[in-house]
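Report on the structure given below.
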Amino acid sequence: MWRVARFAASNVRSSSQRRLFSAPVIPGACIVHKRGADILHDPWFNKDTGFPLTERDRLGLRGLLPPRVISFEQQYDRFMESYRSLEKNTQGQPYSVVSLAKWRILNRLHDRNEILYYRALIDNIKDFAPIIYTPTVGLVCQNYSGLFRRPRGMYFSAKDKGEMMSMIYNWPGQQVDMIVLTDGSRILGLGDLGVQGIGIPIGKLDMYVAAAGINPQRILPVMLDVGTNNQKLLEDPLYLGLRQPRLEGEEYLSIVDEFMEAVHTRWPKAIVQFEDFQMKWAFETLLRYRKRFCMFNDDVQGTAGVALAGLLGTVRAQGRPLSDFVNQKIVVVGAGSAGLGVLNMTIQALSRMSGNNEIAAKNQCYLLDKDGLITKERKNLDPSAAPFAKDIKDAEGLKEGASLLEVVKKVKPHVLLGLSGVGGIFNEQVLRAMRESDSPKPAIFSMSNPTMNAECNAADAFKHAGPNIVFASGSPFENVDLGNGKVGHVNQANNMYLFPGIGLGTLLSGSHFITDGMLQAAAECLASYMTDEEIQKGILYPSIDSIRHITAEVGAAVVRAAVEEDLAEGHGEVGSRELKHMSKEETVAYVTHNMWFPVYSPLVHEK
Ligand SMILES: NC(=O)c1ccc[n+]([C@@H]2O[C@H](COP(=O)([O-])OP(=O)(O)OC[C@H]3O[C@@H](n4cnc5c(N)ncnc54)[C@H](O)[C@@H]3O)[C@@H](O)[C@H]2O)c1
Ligand SMILES: O=C(O)C[C@H](O)C(=O)O
Ligand SMILES: [Mg+2]
């Protein structure tokens, strides 16, 4: 276990101001229960050629490594050099070839030496996030059977029913703080990928380490394999998951129940993030567990906060006061777990701002799914979408099932927000129609992932909807050159700006639950993070370079909300009384101080 490995508080906003090796770090000793070659084969402890001679003697490593000791800085430079030469050598090759090659080189380091891996990740987060996270992680999941070399995380399958309580003790880590769990049923916009979806929890937890400084020895990616309905996978002889159709109903829930009980028996304070569950289970499990366990659903709740922060930003970008939010017309395309989560939080915020007039708030919002505009006339209306279905008399003459183009033309929305998973549905006609928006700076949020599934790309958005728009996408795109020295700024509206802070803040507050108040505090913190000057330029979210800083702020906001709701029991040596007496600045310092930072610590062997 790491005794002390601290990252000194830094309140600079750009990591370029806090580049490699400049952070004052005080490494403490780390206890290791193995010796010799076993250490070299354990990525948690391995330092490769970086073991000092005294440590080689202490740990029985003498003779198992070449004699020269290479410093951490030299190892880092060598890795980056090989990464850069790979980049050079693959120039011009297709995206999938290049990004998978980059993923492989990073994954090899991850499997060998975690300290070096996370240091490289943190210091190059802008370059590496698109490889270990969205969008490349989607490609990795699709090709998982072929890419599989070493297992990572835990797999609980329908065949393990009745065994999970003992299986959970197979995990070698003593303490687990953060778990990301998926059943692989809706991986990004790629559909049911069964067991191959494990790539998503791994990528999300890498972001937890990079952005929130969660100790990588205390994270656990989990795949709940209840089968797959993906015929291609079922027929693939190399498919690594259960070859059976997905469990349904009570059978399904009993597996998730057993897992949740097992996890919380071993680690009562572990936080579980549900990720990429198909809608029905996303909502059902959230309802079932949120008052029993410390958990949240990232696609429903994390996404909602990020979208709300962006929506509030677009009001400021129009030069309007925030109170003008109550006059914005918003079209949400996609009535799944993410779209409904966004609409729910948006309507709550709108009604709070307009004095709790929920009906008026709903009137401003339009929801579409694969069958067009959702109204109360809809036959077999999904109960989850029902609260947001338009009353036909308030639909500006639009009919049940009206097309996206009809809706945009008629409503002239301030915001068009896509969470449909369908690439290209914001086509030229739809984008051109946004030129007639009632907003001087219409906002287009093309939030579906990965890149191919985005409702439109950045270049098309600026080309067809005009240079005045504010643009955000779930997957990263380059800024767009608008000519005459002007730049169309591309924002990445991705829940990565919130989930790490929600997890970290909850952990450090010691709350047993994640409440709406804590989630709202996280969203408000993100919304108020950007300066007016940045917002005027169409920049709604911080650069990913400053993700540690924004995560510390979000984490602190979550801690303070938990304190306010009397849920904060404290963490480690900091109790609820201390938390209560912390100022806002002290809370941010407390959170920052608790972020793990990768440095080689002296290893001490203990039997
Ligand atoms: N940017 C982010 O942070 C973020 C967060 C969560 C989800 N997402 C993305 O959002 C997408 C949807 O996720 P989800 O969990 O809501 O999925 P989901 O399967 O629960 O819902 C998809 C919805 O889109 C609708 N839809 C399908 N085709 C459509 C069409 N042609 N026109 C209009 N609507 C259509 C479906 O009817 C359904 O309501 C995925 O691509 C996911 O990657 C992005
Ligand atoms: O994984 C992401 O990049 C965001 C989101 O959780 C998604 O499901 O698309
Ligand atoms: Mg997701």
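Numbering starts fresh at 1 for the residues of each chain in the structure tokens, the chains themselves are lettered A, B, ... in the order given, and ligands are numbered from 1 as they appear.
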Within 6 Å of ligand 1, counting only C-alpha atoms and all ligand atoms: which residues, as a PyMOL selection string?
chain A and resi 188-189+278-279+299+303+333-339+368-370+419-422+447-449+474+493-495
Go ahead and write the residues just picked, N, CA and C atoms, as an mmCIF file, in the first residue's frame.
data_model
loop_
_atom_site.group_PDB
_atom_site.id
_atom_site.type_symbol
_atom_site.label_atom_id
_atom_site.label_comp_id
_atom_site.auth_asym_id
_atom_site.auth_seq_id
_atom_site.Cartn_x
_atom_site.Cartn_y
_atom_site.Cartn_z
ATOM 1 N N LEU A 188 -20.690 3.207 -26.000
ATOM 2 C CA LEU A 188 -20.734 4.456 -26.774
ATOM 3 C C LEU A 188 -21.937 4.366 -27.719
ATOM 4 N N GLY A 189 -21.763 4.762 -28.971
ATOM 5 C CA GLY A 189 -22.876 4.612 -29.919
ATOM 6 C C GLY A 189 -22.723 3.332 -30.720
ATOM 7 N N GLN A 278 -27.652 -0.278 -21.306
ATOM 8 C CA GLN A 278 -28.782 0.127 -22.143
ATOM 9 C C GLN A 278 -29.812 0.813 -21.239
ATOM 10 N N MET A 279 -30.632 1.670 -21.885
ATOM 11 C CA MET A 279 -31.460 2.608 -21.116
ATOM 12 C C MET A 279 -32.293 1.954 -20.018
ATOM 13 N N ASP A 299 -23.719 8.039 -17.564
ATOM 14 C CA ASP A 299 -24.378 8.442 -18.816
ATOM 15 C C ASP A 299 -25.617 9.274 -18.542
ATOM 16 N N THR A 303 -23.395 13.073 -17.685
ATOM 17 C CA THR A 303 -23.646 13.743 -18.961
ATOM 18 C C THR A 303 -24.577 14.939 -18.764
ATOM 19 N N VAL A 333 -32.173 15.653 -29.350
ATOM 20 C CA VAL A 333 -32.378 14.562 -30.302
ATOM 21 C C VAL A 333 -31.773 13.290 -29.725
ATOM 22 N N GLY A 334 -32.630 12.360 -29.366
ATOM 23 C CA GLY A 334 -32.185 11.136 -28.678
ATOM 24 C C GLY A 334 -32.871 11.092 -27.327
ATOM 25 N N ALA A 335 -33.748 10.109 -27.153
ATOM 26 C CA ALA A 335 -34.510 9.999 -25.902
ATOM 27 C C ALA A 335 -34.062 8.766 -25.144
ATOM 28 N N GLY A 336 -32.731 8.568 -25.077
ATOM 29 C CA GLY A 336 -32.184 7.437 -24.349
ATOM 30 C C GLY A 336 -31.725 7.858 -22.971
ATOM 31 N N SER A 337 -30.837 7.048 -22.371
ATOM 32 C CA SER A 337 -30.411 7.345 -21.003
ATOM 33 C C SER A 337 -29.765 8.717 -20.934
ATOM 34 N N ALA A 338 -28.953 9.070 -21.934
ATOM 35 C CA ALA A 338 -28.250 10.349 -21.885
ATOM 36 C C ALA A 338 -29.205 11.516 -22.166
ATOM 37 N N GLY A 339 -29.980 11.413 -23.267
ATOM 38 C CA GLY A 339 -30.895 12.499 -23.627
ATOM 39 C C GLY A 339 -31.894 12.795 -22.522
ATOM 40 N N LEU A 368 -36.878 14.429 -29.417
ATOM 41 C CA LEU A 368 -37.103 13.534 -30.560
ATOM 42 C C LEU A 368 -36.387 12.216 -30.337
ATOM 43 N N ASP A 369 -36.957 11.154 -30.875
ATOM 44 C CA ASP A 369 -36.231 9.875 -30.916
ATOM 45 C C ASP A 369 -36.256 9.366 -32.347
ATOM 46 N N LYS A 370 -36.017 8.079 -32.518
ATOM 47 C CA LYS A 370 -35.902 7.549 -33.894
ATOM 48 C C LYS A 370 -37.205 7.703 -34.666
ATOM 49 N N LEU A 419 -27.959 13.428 -28.803
ATOM 50 C CA LEU A 419 -27.486 12.276 -28.021
ATOM 51 C C LEU A 419 -28.212 11.043 -28.550
ATOM 52 N N SER A 420 -28.118 10.879 -29.867
ATOM 53 C CA SER A 420 -28.879 9.824 -30.540
ATOM 54 C C SER A 420 -28.022 8.620 -30.882
ATOM 55 N N GLY A 421 -26.707 8.820 -30.915
ATOM 56 C CA GLY A 421 -25.804 7.759 -31.354
ATOM 57 C C GLY A 421 -25.807 7.575 -32.863
ATOM 58 N N VAL A 422 -26.491 8.475 -33.598
ATOM 59 C CA VAL A 422 -26.595 8.294 -35.055
ATOM 60 C C VAL A 422 -25.731 9.329 -35.780
ATOM 61 N N MET A 447 -23.214 15.411 -29.424
ATOM 62 C CA MET A 447 -22.551 14.773 -28.281
ATOM 63 C C MET A 447 -22.332 13.273 -28.387
ATOM 64 N N SER A 448 -22.826 12.662 -29.472
ATOM 65 C CA SER A 448 -22.696 11.199 -29.539
ATOM 66 C C SER A 448 -21.277 10.760 -29.866
ATOM 67 N N ASN A 449 -20.914 9.622 -29.335
ATOM 68 C CA ASN A 449 -19.567 9.055 -29.493
ATOM 69 C C ASN A 449 -19.654 7.675 -30.131
ATOM 70 N N GLY A 474 -19.013 15.364 -28.414
ATOM 71 C CA GLY A 474 -18.611 14.410 -27.387
ATOM 72 C C GLY A 474 -17.200 13.893 -27.607
ATOM 73 N N ALA A 493 -17.785 18.398 -25.262
ATOM 74 C CA ALA A 493 -18.832 18.223 -24.246
ATOM 75 C C ALA A 493 -18.887 16.753 -23.880
ATOM 76 N N ASN A 494 -18.024 16.372 -22.986
ATOM 77 C CA ASN A 494 -17.913 14.955 -22.609
ATOM 78 C C ASN A 494 -17.986 14.848 -21.092
ATOM 79 N N ASN A 495 -18.639 13.800 -20.613
ATOM 80 C CA ASN A 495 -18.799 13.681 -19.159
ATOM 81 C C ASN A 495 -17.478 13.530 -18.408
#
Quick one: everything within 10 Å of Asp481 of chain A, counting only C-alpha atoms, minus sequence neighbours fewer than 6 positions away in the same chain. Send it as a ChimeraX atom specification.
/A:459,462,467,487-489
Any idea what's packed within 10 Å of Ile425 of chain A, counting only C-alpha atoms, ignoring anything in its chain fewer than 2 positions away? Could you give it as a ChimeraX atom specification?
/A:333,404-405,418,420-423,427-431,446,453-456
List the neighbours of Ile198 of chain A out to 8 Å using only C-alpha atoms; skip same-chain residues closer than 5 positions along the sequence, and give me the result as a PyMOL selection string.
chain A and resi 141+182+184+221-223
Per DSSP on the backbone, filter segment 330-492 of chain A down to the residues in strand (DSSP E) and report them as an NGL selection string.
:A and (330-333 or 365-369 or 372-373 or 415-418 or 443-446 or 470-473 or 480-483 or 486-488 or 490-492)
Writing out the chosen residues with N, CA and C atoms as a short mmCIF file (atom, residue, chain, number, x, y, z; two decimals), in the first residue's frame:
data_model
loop_
_atom_site.label_atom_id
_atom_site.label_comp_id
_atom_site.auth_asym_id
_atom_site.auth_seq_id
_atom_site.Cartn_x
_atom_site.Cartn_y
_atom_site.Cartn_z
N ILE A 330 -34.86 24.62 -26.59
CA ILE A 330 -33.85 23.55 -26.68
C ILE A 330 -34.45 22.31 -27.34
N VAL A 331 -33.80 21.84 -28.39
CA VAL A 331 -34.24 20.61 -29.04
C VAL A 331 -33.24 19.50 -28.71
N VAL A 332 -33.72 18.45 -28.07
CA VAL A 332 -32.86 17.31 -27.72
C VAL A 332 -33.19 16.15 -28.66
N VAL A 333 -32.17 15.65 -29.35
CA VAL A 333 -32.38 14.56 -30.30
C VAL A 333 -31.77 13.29 -29.72
N CYS A 365 -38.78 22.89 -24.22
CA CYS A 365 -37.93 21.77 -24.66
C CYS A 365 -38.69 20.85 -25.61
N TYR A 366 -37.99 20.37 -26.59
CA TYR A 366 -38.55 19.45 -27.58
C TYR A 366 -37.68 18.21 -27.61
N LEU A 367 -38.33 17.05 -27.61
CA LEU A 367 -37.58 15.80 -27.55
C LEU A 367 -37.91 14.92 -28.76
N LEU A 368 -36.88 14.43 -29.42
CA LEU A 368 -37.10 13.53 -30.56
C LEU A 368 -36.39 12.22 -30.34
N ASP A 369 -36.96 11.15 -30.87
CA ASP A 369 -36.23 9.88 -30.92
C ASP A 369 -36.26 9.37 -32.35
N GLY A 372 -39.10 10.46 -34.49
CA GLY A 372 -39.40 11.89 -34.62
C GLY A 372 -39.85 12.52 -33.31
N LEU A 373 -40.54 13.67 -33.45
CA LEU A 373 -40.95 14.43 -32.27
C LEU A 373 -41.84 13.57 -31.35
N VAL A 415 -30.78 26.05 -29.09
CA VAL A 415 -29.83 24.95 -28.93
C VAL A 415 -30.36 23.70 -29.62
N LEU A 416 -29.48 23.05 -30.37
CA LEU A 416 -29.79 21.75 -30.96
C LEU A 416 -28.79 20.76 -30.37
N LEU A 417 -29.30 19.79 -29.61
CA LEU A 417 -28.39 18.91 -28.85
C LEU A 417 -28.64 17.45 -29.22
N GLY A 418 -27.59 16.79 -29.70
CA GLY A 418 -27.74 15.41 -30.16
C GLY A 418 -27.15 14.39 -29.21
N ALA A 443 -26.47 27.29 -30.71
CA ALA A 443 -25.53 26.28 -30.21
C ALA A 443 -25.85 24.93 -30.81
N ILE A 444 -24.80 24.25 -31.25
CA ILE A 444 -24.96 22.90 -31.78
C ILE A 444 -24.09 21.96 -30.96
N PHE A 445 -24.74 21.04 -30.28
CA PHE A 445 -24.05 20.06 -29.44
C PHE A 445 -24.22 18.69 -30.09
N SER A 446 -23.13 18.20 -30.63
CA SER A 446 -23.17 16.92 -31.33
C SER A 446 -22.46 15.92 -30.42
N VAL A 470 -21.99 28.33 -31.64
CA VAL A 470 -21.16 27.74 -30.59
C VAL A 470 -21.25 26.24 -30.82
N PHE A 471 -20.08 25.57 -30.81
CA PHE A 471 -20.10 24.14 -31.16
C PHE A 471 -19.45 23.28 -30.08
N ALA A 472 -20.09 22.16 -29.80
CA ALA A 472 -19.50 21.19 -28.87
C ALA A 472 -19.77 19.79 -29.37
N SER A 473 -18.80 18.90 -29.15
CA SER A 473 -18.97 17.50 -29.56
C SER A 473 -18.49 16.59 -28.44
N VAL A 480 -11.84 24.81 -36.10
CA VAL A 480 -12.07 24.99 -37.53
C VAL A 480 -11.56 26.36 -37.97
N ASP A 481 -10.79 26.35 -39.05
CA ASP A 481 -10.28 27.61 -39.60
C ASP A 481 -11.40 28.26 -40.41
N LEU A 482 -11.85 29.44 -39.95
CA LEU A 482 -12.98 30.08 -40.62
C LEU A 482 -12.52 31.11 -41.66
N GLY A 483 -11.21 31.20 -41.87
CA GLY A 483 -10.65 32.20 -42.80
C GLY A 483 -10.51 33.54 -42.11
N LYS A 486 -9.90 33.94 -38.41
CA LYS A 486 -10.90 33.56 -37.40
C LYS A 486 -10.90 32.04 -37.17
N VAL A 487 -11.21 31.68 -35.94
CA VAL A 487 -11.21 30.25 -35.59
C VAL A 487 -12.56 29.86 -35.01
N GLY A 488 -13.11 28.77 -35.50
CA GLY A 488 -14.33 28.23 -34.91
C GLY A 488 -13.91 27.28 -33.80
N VAL A 490 -13.84 24.46 -31.08
CA VAL A 490 -14.53 23.19 -30.83
C VAL A 490 -14.40 22.84 -29.35
N ASN A 491 -15.53 22.68 -28.70
CA ASN A 491 -15.56 22.25 -27.30
C ASN A 491 -15.77 20.76 -27.25
N GLN A 492 -15.21 20.12 -26.23
CA GLN A 492 -15.53 18.70 -26.06
C GLN A 492 -16.51 18.54 -24.91
#
For Lys34 of chain A, please output as a list in words all residues within 9 Å (counting only C-alpha atoms; exclusion window: fewer than 2 positions along the same chain).
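Close residues of Lys34 of chain A: Val32, Gly36, Ala37, Asp38, Ile39, Leu59, His605, Glu606 and Lys607 of chain A.
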Proximity to ligand 2 - best of A:Tyr169, A:Tyr144, A:Phe277, A:Phe259, only C-alpha atoms and all ligand atoms
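Checking each of A:Tyr169, A:Tyr144, A:Phe277, A:Phe259 against ligand 2, counting only C-alpha atoms and all ligand atoms, the winner is A:Phe277.
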Find the residues around Ser437 of chain A up to 6 Å (only C-alpha atoms counted), leave out those fewer than 5 positions away in its own chain, and share them as number ranges by chain.
A: 412-414
Write the residues of the selection above to a file with C-alpha atoms, as a CSV table (one decimal), in the first residue's frame.
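That gives us out25.csv:
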chain,number,residue,atom,x,y,z
A,412,LYS,CA,-35.9,28.0,-34.5
A,413,PRO,CA,-34.2,26.6,-31.4
A,414,HIS,CA,-31.4,28.3,-29.5
Segment 113-118 of chain A surroundings by only C-alpha atoms, 10 Å radius, close-in-sequence under 4 positions cut, as a PyMOL selection string:
chain A and resi 40-48+72-73+75-76+79+106-109+122-125+206-207+209-210+213+216-217+597-601
Quick one: distance from atom CA of Ala309 of chain A to atom CA of Ala522 of chain A in Å, one decimal?
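Atom-to-atom, atom CA of Ala309 of chain A and atom CA of Ala522 of chain A are spaced 9.5 Å apart.
In this model, the gap between atom CA of Ala458 of chain A and atom CA of Pro476 of chain A comes to 9.3 Å.
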Would you give me, as a PyMOL selection string, the residues in segment 186-381 of chain A that DSSP reads as helix (DSSP H, G or I)?
chain A and resi 194-212+216-218+231-235+249-266+279-289+298-317+322-327+337-353+358-363
Restrict the selected residues to C-alpha atoms and save them as an mmCIF file, in the first residue's frame.
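Below is the file result-v6.cif, written as the result:
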data_model
loop_
_atom_site.group_PDB
_atom_site.id
_atom_site.type_symbol
_atom_site.label_atom_id
_atom_site.label_comp_id
_atom_site.auth_asym_id
_atom_site.auth_seq_id
_atom_site.Cartn_x
_atom_site.Cartn_y
_atom_site.Cartn_z
ATOM 1 C CA GLY A 194 -20.864 -7.899 -24.738
ATOM 2 C CA VAL A 195 -17.712 -8.704 -22.770
ATOM 3 C CA GLN A 196 -15.663 -6.546 -25.157
ATOM 4 C CA GLY A 197 -17.104 -3.495 -23.414
ATOM 5 C CA ILE A 198 -14.532 -3.930 -20.596
ATOM 6 C CA GLY A 199 -12.419 -1.339 -22.450
ATOM 7 C CA ILE A 200 -14.824 1.379 -21.283
ATOM 8 C CA PRO A 201 -14.378 0.864 -17.496
ATOM 9 C CA ILE A 202 -10.619 0.631 -18.066
ATOM 10 C CA GLY A 203 -10.563 3.920 -20.025
ATOM 11 C CA LYS A 204 -12.861 5.699 -17.541
ATOM 12 C CA LEU A 205 -10.664 4.601 -14.623
ATOM 13 C CA ASP A 206 -7.550 5.796 -16.417
ATOM 14 C CA MET A 207 -9.262 9.175 -16.512
ATOM 15 C CA TYR A 208 -9.965 8.838 -12.771
ATOM 16 C CA VAL A 209 -6.248 8.411 -12.151
ATOM 17 C CA ALA A 210 -5.181 11.135 -14.574
ATOM 18 C CA ALA A 211 -7.831 13.722 -13.743
ATOM 19 C CA ALA A 212 -8.823 12.987 -10.153
ATOM 20 C CA PRO A 216 -4.407 3.220 -9.418
ATOM 21 C CA GLN A 217 -3.980 0.507 -6.803
ATOM 22 C CA ARG A 218 -7.464 1.362 -5.591
ATOM 23 C CA GLN A 231 -25.278 -12.085 -33.301
ATOM 24 C CA LYS A 232 -21.917 -11.410 -34.921
ATOM 25 C CA LEU A 233 -20.163 -11.813 -31.580
ATOM 26 C CA LEU A 234 -22.141 -14.920 -30.695
ATOM 27 C CA GLU A 235 -20.949 -16.491 -33.943
ATOM 28 C CA GLY A 249 -35.862 -9.376 -16.028
ATOM 29 C CA GLU A 250 -35.361 -10.766 -12.518
ATOM 30 C CA GLU A 251 -32.588 -13.087 -13.698
ATOM 31 C CA TYR A 252 -30.591 -10.075 -14.835
ATOM 32 C CA LEU A 253 -31.254 -8.034 -11.720
ATOM 33 C CA SER A 254 -30.285 -10.894 -9.419
ATOM 34 C CA ILE A 255 -26.796 -10.896 -10.981
ATOM 35 C CA VAL A 256 -26.357 -7.138 -10.493
ATOM 36 C CA ASP A 257 -27.747 -7.405 -6.942
ATOM 37 C CA GLU A 258 -25.288 -10.139 -6.071
ATOM 38 C CA PHE A 259 -22.381 -8.143 -7.456
ATOM 39 C CA MET A 260 -23.355 -4.978 -5.552
ATOM 40 C CA GLU A 261 -23.710 -6.930 -2.290
ATOM 41 C CA ALA A 262 -20.363 -8.682 -2.769
ATOM 42 C CA VAL A 263 -18.471 -5.481 -3.561
ATOM 43 C CA HIS A 264 -19.890 -3.591 -0.606
ATOM 44 C CA THR A 265 -19.297 -6.478 1.752
ATOM 45 C CA ARG A 266 -15.578 -6.357 1.010
ATOM 46 C CA MET A 279 -31.460 2.608 -21.116
ATOM 47 C CA LYS A 280 -33.912 0.341 -19.350
ATOM 48 C CA TRP A 281 -31.223 -1.014 -17.022
ATOM 49 C CA ALA A 282 -29.525 2.354 -16.626
ATOM 50 C CA PHE A 283 -32.691 3.825 -15.119
ATOM 51 C CA GLU A 284 -33.810 0.724 -13.260
ATOM 52 C CA THR A 285 -30.461 0.151 -11.520
ATOM 53 C CA LEU A 286 -30.134 3.844 -10.632
ATOM 54 C CA LEU A 287 -33.517 3.754 -8.968
ATOM 55 C CA ARG A 288 -32.794 0.436 -7.303
ATOM 56 C CA TYR A 289 -29.400 1.242 -5.815
ATOM 57 C CA ASP A 298 -22.399 8.470 -15.543
ATOM 58 C CA ASP A 299 -24.378 8.442 -18.816
ATOM 59 C CA VAL A 300 -27.521 9.701 -17.125
ATOM 60 C CA GLN A 301 -26.140 11.975 -14.398
ATOM 61 C CA GLY A 302 -22.574 12.896 -15.419
ATOM 62 C CA THR A 303 -23.646 13.743 -18.961
ATOM 63 C CA ALA A 304 -26.560 15.826 -17.702
ATOM 64 C CA GLY A 305 -24.274 18.061 -15.642
ATOM 65 C CA VAL A 306 -21.810 18.573 -18.483
ATOM 66 C CA ALA A 307 -24.609 19.409 -20.919
ATOM 67 C CA LEU A 308 -26.250 21.797 -18.454
ATOM 68 C CA ALA A 309 -22.940 23.615 -17.910
ATOM 69 C CA GLY A 310 -22.678 23.948 -21.700
ATOM 70 C CA LEU A 311 -26.252 25.207 -22.046
ATOM 71 C CA LEU A 312 -25.650 27.873 -19.414
ATOM 72 C CA GLY A 313 -22.423 28.771 -21.215
ATOM 73 C CA THR A 314 -24.307 29.324 -24.472
ATOM 74 C CA VAL A 315 -26.559 31.865 -22.742
ATOM 75 C CA ARG A 316 -23.477 33.771 -21.597
ATOM 76 C CA ALA A 317 -21.963 33.413 -25.078
ATOM 77 C CA LEU A 322 -27.930 33.717 -16.993
ATOM 78 C CA SER A 323 -31.523 34.508 -16.089
ATOM 79 C CA ASP A 324 -32.211 34.468 -19.829
ATOM 80 C CA PHE A 325 -31.835 30.689 -19.725
ATOM 81 C CA VAL A 326 -35.565 30.531 -19.054
ATOM 82 C CA ASN A 327 -36.185 31.849 -22.591
ATOM 83 C CA SER A 337 -30.411 7.345 -21.003
ATOM 84 C CA ALA A 338 -28.250 10.349 -21.885
ATOM 85 C CA GLY A 339 -30.895 12.499 -23.627
ATOM 86 C CA LEU A 340 -33.456 11.957 -20.869
ATOM 87 C CA GLY A 341 -30.845 12.592 -18.182
ATOM 88 C CA VAL A 342 -29.957 15.904 -19.826
ATOM 89 C CA LEU A 343 -33.569 16.935 -20.257
ATOM 90 C CA ASN A 344 -34.405 16.055 -16.683
ATOM 91 C CA MET A 345 -31.584 18.143 -15.195
ATOM 92 C CA THR A 346 -32.211 21.001 -17.646
ATOM 93 C CA ILE A 347 -35.895 21.177 -16.747
ATOM 94 C CA GLN A 348 -35.042 21.117 -13.037
ATOM 95 C CA ALA A 349 -32.627 24.034 -13.555
ATOM 96 C CA LEU A 350 -35.090 25.952 -15.756
ATOM 97 C CA SER A 351 -37.906 25.557 -13.260
ATOM 98 C CA ARG A 352 -35.669 26.607 -10.351
ATOM 99 C CA MET A 353 -34.679 29.725 -12.262
ATOM 100 C CA GLU A 358 -42.125 23.135 -14.430
ATOM 101 C CA ILE A 359 -44.798 23.330 -17.112
ATOM 102 C CA ALA A 360 -43.296 26.454 -18.658
ATOM 103 C CA ALA A 361 -39.860 24.840 -18.467
ATOM 104 C CA LYS A 362 -41.094 21.768 -20.332
ATOM 105 C CA ASN A 363 -42.693 23.956 -22.970
#
